[in-house]
Amino acid sequence: MDASTCLYYEYVTRSVPEKTLEHWASQYITYRYRSKAALWWPARGEDIQFGRLPSRPGKIVQIELKTTEVVRRGVHEVEVDLGQLWEYRRLPLGKQPFYAFPRPGADWPGDLGEAAAKTGRAVSELGYRRGKELWFANWMVVMTTEQVADVMSKELALHGSEKRGERRPLVRFAGKSEPRWGLEAADPEVIRWRDFWSILDRCGRDRWPQLIRLPAVFLDIRDGRELSGGREVYTRQQLRELLDGAAGAQGDVGHLVILEPNPDGHYRRSDFLNSNSARVGAAPSRGDTEQNDHRAVVSLDA
């Protein structure tokens, strides 16, 4: 490695800045859903409560954004804090976040600005569709917390706690070569950013972490009790039909019920009333001195 290359990598470590990714992700969601989506980026050490989100029927998901680091020219890595992952994995399924991160291509050897310059575009243009093949929505991918934990199961077992500060590679991208996942873990199924939102619109997939909010009257619940027509368990298809009905409802729909997924892919009622103090997601341990959280909560109307 010559002196100029050493100087380059002394100053450039991120493939794309995390704050830029946060901005582009928010921009994409807002444009896609217009006023039917609400976002909340919690402060460090902050619990997320339902009271911070619109009290309307719909879905709630959390996104943990990561960026890639340039290990050397043409090689990028996504690192995960093992303590953070340990905490996320211990949350109830519905309150676990999705991990979203870049997947640099072979024409992206260093930072994103360099790749953009080769196409004659300003790097800030890549937050929009006019960025064409380098549009950020074309190279962002999404995984569940469960998938990330499976890839890093050996590292998690060795770490064995919520202590922060120990980071390990989730994946390494090297040009046209196949990605290397964890300590030679099997290749997981990642989902492209744009496909993720399209699938979520159809109520997602089994074992996807999400919370569903529906009017109590739609579930045949009165005064906290299920009537004869009420169910204890719902399939995703049933929830889709109920959300469609809620979307067409006029006026005040009354109290909302929170439904959370089971590992078997079905949904059960969590809290009867959508209390403003009920938590969407827990903050990381407040005793941690090093935080690497870049978590957003997205609330989508029915």
# chains A, B, ... in the order shown; residues from 1 in each chain; ligands from 1

call {"tool": "closest_atom_pairs", "arguments": {"of": "segment 37-119 of chain A", "to": "segment 162-177 of chain A", "cutoff": "6 Å", "atoms": "only C-alpha atoms", "output": "tab-separated table"}}
result
residue	atom	partner	partner_atom	distance
A:Gly74	CA	A:Gly175	CA	5.8
A:Val75	CA	A:Ala174	CA	4.4
A:His76	CA	A:Phe173	CA	5.1
A:Glu77	CA	A:Arg172	CA	4.4
A:Val78	CA	A:Val171	CA	5.5
A:Glu79	CA	A:Pro169	CA	4.2
A:Val80	CA	A:Arg167	CA	5.3
A:Asp81	CA	A:Arg167	CA	4.3
A:Leu82	CA	A:Arg167	CA	5.9
A:Gly83	CA	A:Glu162	CA	4.0
A:Trp86	CA	A:Glu162	CA	5.6
A:Glu87	CA	A:Glu162	CA	5.8
A:Ala106	CA	A:Gly175	CA	4.0

call {"tool": "closest_atom_pairs", "arguments": {"of": "segment 195-223 of chain A", "to": "segment 147-154 of chain A", "cutoff": "12 Å", "atoms": "only C-alpha atoms", "output": "CSV"}}
result
residue,atom,partner,partner_atom,distance
A:Arg207,CA,A:Gln147,CA,10.2
A:Trp208,CA,A:Gln147,CA,10.2
A:Pro209,CA,A:Gln147,CA,11.4

call {"tool": "residues_around", "arguments": {"residues": "Gly265 of chain A", "least_positions_apart": "2", "cutoff": "8 Å", "atoms": "only C-alpha atoms", "output": "MDAnalysis selection string"}}
result
chainID A and resid 205:207 235:236 261:263 267

call {"tool": "select_by_dssp", "arguments": {"residues": "segment 46-160 of chain A", "states": "strand (DSSP E or B)", "output": "VMD selection string"}}
result
chain A and resid 48 to 49 58 to 65 69 to 72 75 to 81 98 to 102 140 to 144

call {"tool": "write_last_selection", "arguments": {"atoms": "N, CA and C atoms", "output": "PDB file, in the first residue's frame"}}
result
ATOM      1  N   ILE A  48     -39.264   3.940  23.752  1.00  0.00           N
ATOM      2  CA  ILE A  48     -40.215   4.453  22.772  1.00  0.00           C
ATOM      3  C   ILE A  48     -41.607   4.069  23.228  1.00  0.00           C
ATOM      4  N   GLN A  49     -42.476   5.036  23.384  1.00  0.00           N
ATOM      5  CA  GLN A  49     -43.818   4.784  23.871  1.00  0.00           C
ATOM      6  C   GLN A  49     -44.855   5.042  22.772  1.00  0.00           C
ATOM      7  N   GLY A  58     -53.007   0.420  12.224  1.00  0.00           N
ATOM      8  CA  GLY A  58     -51.914   0.236  11.278  1.00  0.00           C
ATOM      9  C   GLY A  58     -50.845  -0.680  11.817  1.00  0.00           C
ATOM     10  N   LYS A  59     -49.634  -0.520  11.282  1.00  0.00           N
ATOM     11  CA  LYS A  59     -48.499  -1.367  11.635  1.00  0.00           C
ATOM     12  C   LYS A  59     -47.374  -0.508  12.197  1.00  0.00           C
ATOM     13  N   ILE A  60     -46.572  -1.124  13.052  1.00  0.00           N
ATOM     14  CA  ILE A  60     -45.399  -0.447  13.608  1.00  0.00           C
ATOM     15  C   ILE A  60     -44.205  -1.380  13.466  1.00  0.00           C
ATOM     16  N   VAL A  61     -43.122  -0.872  12.893  1.00  0.00           N
ATOM     17  CA  VAL A  61     -41.871  -1.624  12.813  1.00  0.00           C
ATOM     18  C   VAL A  61     -40.731  -0.731  13.275  1.00  0.00           C
ATOM     19  N   GLN A  62     -39.628  -1.356  13.648  1.00  0.00           N
ATOM     20  CA  GLN A  62     -38.422  -0.624  14.022  1.00  0.00           C
ATOM     21  C   GLN A  62     -37.293  -1.005  13.061  1.00  0.00           C
ATOM     22  N   ILE A  63     -36.481  -0.021  12.731  1.00  0.00           N
ATOM     23  CA  ILE A  63     -35.363  -0.217  11.810  1.00  0.00           C
ATOM     24  C   ILE A  63     -34.072   0.203  12.502  1.00  0.00           C
ATOM     25  N   GLU A  64     -33.108  -0.693  12.559  1.00  0.00           N
ATOM     26  CA  GLU A  64     -31.762  -0.376  13.055  1.00  0.00           C
ATOM     27  C   GLU A  64     -30.859  -0.219  11.825  1.00  0.00           C
ATOM     28  N   LEU A  65     -30.428   1.023  11.573  1.00  0.00           N
ATOM     29  CA  LEU A  65     -29.615   1.305  10.387  1.00  0.00           C
ATOM     30  C   LEU A  65     -28.130   1.131  10.688  1.00  0.00           C
ATOM     31  N   GLU A  69     -18.132  -0.224   6.468  1.00  0.00           N
ATOM     32  CA  GLU A  69     -16.828   0.412   6.621  1.00  0.00           C
ATOM     33  C   GLU A  69     -15.884  -0.126   5.554  1.00  0.00           C
ATOM     34  N   VAL A  70     -15.049   0.745   5.028  1.00  0.00           N
ATOM     35  CA  VAL A  70     -14.072   0.342   4.020  1.00  0.00           C
ATOM     36  C   VAL A  70     -12.877  -0.289   4.732  1.00  0.00           C
ATOM     37  N   VAL A  71     -12.740  -1.584   4.599  1.00  0.00           N
ATOM     38  CA  VAL A  71     -11.620  -2.297   5.214  1.00  0.00           C
ATOM     39  C   VAL A  71     -10.353  -2.066   4.401  1.00  0.00           C
ATOM     40  N   ARG A  72     -10.483  -2.222   3.130  1.00  0.00           N
ATOM     41  CA  ARG A  72      -9.436  -1.852   2.169  1.00  0.00           C
ATOM     42  C   ARG A  72     -10.137  -1.661   0.833  1.00  0.00           C
ATOM     43  N   VAL A  75     -13.234  -3.590  -0.496  1.00  0.00           N
ATOM     44  CA  VAL A  75     -13.725  -4.505   0.546  1.00  0.00           C
ATOM     45  C   VAL A  75     -14.464  -3.698   1.620  1.00  0.00           C
ATOM     46  N   HIS A  76     -15.706  -4.058   1.879  1.00  0.00           N
ATOM     47  CA  HIS A  76     -16.546  -3.360   2.852  1.00  0.00           C
ATOM     48  C   HIS A  76     -17.064  -4.359   3.886  1.00  0.00           C
ATOM     49  N   GLU A  77     -17.202  -3.897   5.125  1.00  0.00           N
ATOM     50  CA  GLU A  77     -17.743  -4.741   6.188  1.00  0.00           C
ATOM     51  C   GLU A  77     -18.863  -4.027   6.926  1.00  0.00           C
ATOM     52  N   VAL A  78     -19.858  -4.795   7.346  1.00  0.00           N
ATOM     53  CA  VAL A  78     -20.896  -4.310   8.264  1.00  0.00           C
ATOM     54  C   VAL A  78     -20.584  -4.902   9.629  1.00  0.00           C
ATOM     55  N   GLU A  79     -20.364  -4.053  10.617  1.00  0.00           N
ATOM     56  CA  GLU A  79     -20.075  -4.528  11.967  1.00  0.00           C
ATOM     57  C   GLU A  79     -21.297  -4.353  12.864  1.00  0.00           C
ATOM     58  N   VAL A  80     -21.452  -5.296  13.790  1.00  0.00           N
ATOM     59  CA  VAL A  80     -22.573  -5.265  14.732  1.00  0.00           C
ATOM     60  C   VAL A  80     -22.015  -5.337  16.145  1.00  0.00           C
ATOM     61  N   ASP A  81     -22.560  -4.510  17.021  1.00  0.00           N
ATOM     62  CA  ASP A  81     -22.194  -4.556  18.431  1.00  0.00           C
ATOM     63  C   ASP A  81     -22.882  -5.770  19.056  1.00  0.00           C
ATOM     64  N   PHE A  98     -35.677  -4.529  12.603  1.00  0.00           N
ATOM     65  CA  PHE A  98     -35.027  -5.019  11.392  1.00  0.00           C
ATOM     66  C   PHE A  98     -33.675  -4.320  11.289  1.00  0.00           C
ATOM     67  N   TYR A  99     -32.677  -5.003  10.758  1.00  0.00           N
ATOM     68  CA  TYR A  99     -31.382  -4.381  10.460  1.00  0.00           C
ATOM     69  C   TYR A  99     -31.372  -4.027   8.972  1.00  0.00           C
ATOM     70  N   ALA A 100     -30.989  -2.794   8.670  1.00  0.00           N
ATOM     71  CA  ALA A 100     -30.875  -2.350   7.283  1.00  0.00           C
ATOM     72  C   ALA A 100     -29.481  -1.776   7.068  1.00  0.00           C
ATOM     73  N   PHE A 101     -28.846  -2.126   5.950  1.00  0.00           N
ATOM     74  CA  PHE A 101     -27.472  -1.687   5.700  1.00  0.00           C
ATOM     75  C   PHE A 101     -27.156  -1.728   4.202  1.00  0.00           C
ATOM     76  N   PRO A 102     -26.102  -1.044   3.762  1.00  0.00           N
ATOM     77  CA  PRO A 102     -25.732  -1.046   2.348  1.00  0.00           C
ATOM     78  C   PRO A 102     -25.121  -2.377   1.925  1.00  0.00           C
ATOM     79  N   MET A 140     -29.564  -0.821  -0.578  1.00  0.00           N
ATOM     80  CA  MET A 140     -29.848  -1.128   0.822  1.00  0.00           C
ATOM     81  C   MET A 140     -30.551  -2.481   0.919  1.00  0.00           C
ATOM     82  N   VAL A 141     -30.217  -3.266   1.946  1.00  0.00           N
ATOM     83  CA  VAL A 141     -30.853  -4.553   2.168  1.00  0.00           C
ATOM     84  C   VAL A 141     -31.314  -4.640   3.621  1.00  0.00           C
ATOM     85  N   VAL A 142     -32.212  -5.583   3.900  1.00  0.00           N
ATOM     86  CA  VAL A 142     -32.861  -5.684   5.207  1.00  0.00           C
ATOM     87  C   VAL A 142     -32.819  -7.132   5.700  1.00  0.00           C
ATOM     88  N   MET A 143     -32.592  -7.295   7.015  1.00  0.00           N
ATOM     89  CA  MET A 143     -32.634  -8.597   7.680  1.00  0.00           C
ATOM     90  C   MET A 143     -33.379  -8.437   9.008  1.00  0.00           C
ATOM     91  N   THR A 144     -33.938  -9.517   9.509  1.00  0.00           N
ATOM     92  CA  THR A 144     -34.539  -9.490  10.839  1.00  0.00           C
ATOM     93  C   THR A 144     -33.440  -9.644  11.892  1.00  0.00           C
TER      94      THR A 144
END

call {"tool": "closest_residue", "arguments": {"among": "A:Arg240, A:Arg279, A:Lys132, A:Arg14", "to": "Leu200 of chain A", "atoms": "only C-alpha atoms"}}
result
A:Arg240

call {"tool": "select_by_dssp", "arguments": {"residues": "segment 144-245 of chain A", "states": "alpha helix (DSSP H)", "output": "PyMOL selection string"}}
result
chain A and resi 145-151+153-159+193-201+236-245

call {"tool": "atom_distance", "arguments": {"atom1": "atom CA of Trp181 of chain A", "atom2": "atom CA of Lys19 of chain A"}}
result
25.0 Å

call {"tool": "closest_residue", "arguments": {"among": "A:Ala38, A:Val253, A:Ala137, A:Ala122", "to": "Arg192 of chain A", "atoms": "only C-alpha atoms"}}
result
A:Ala137
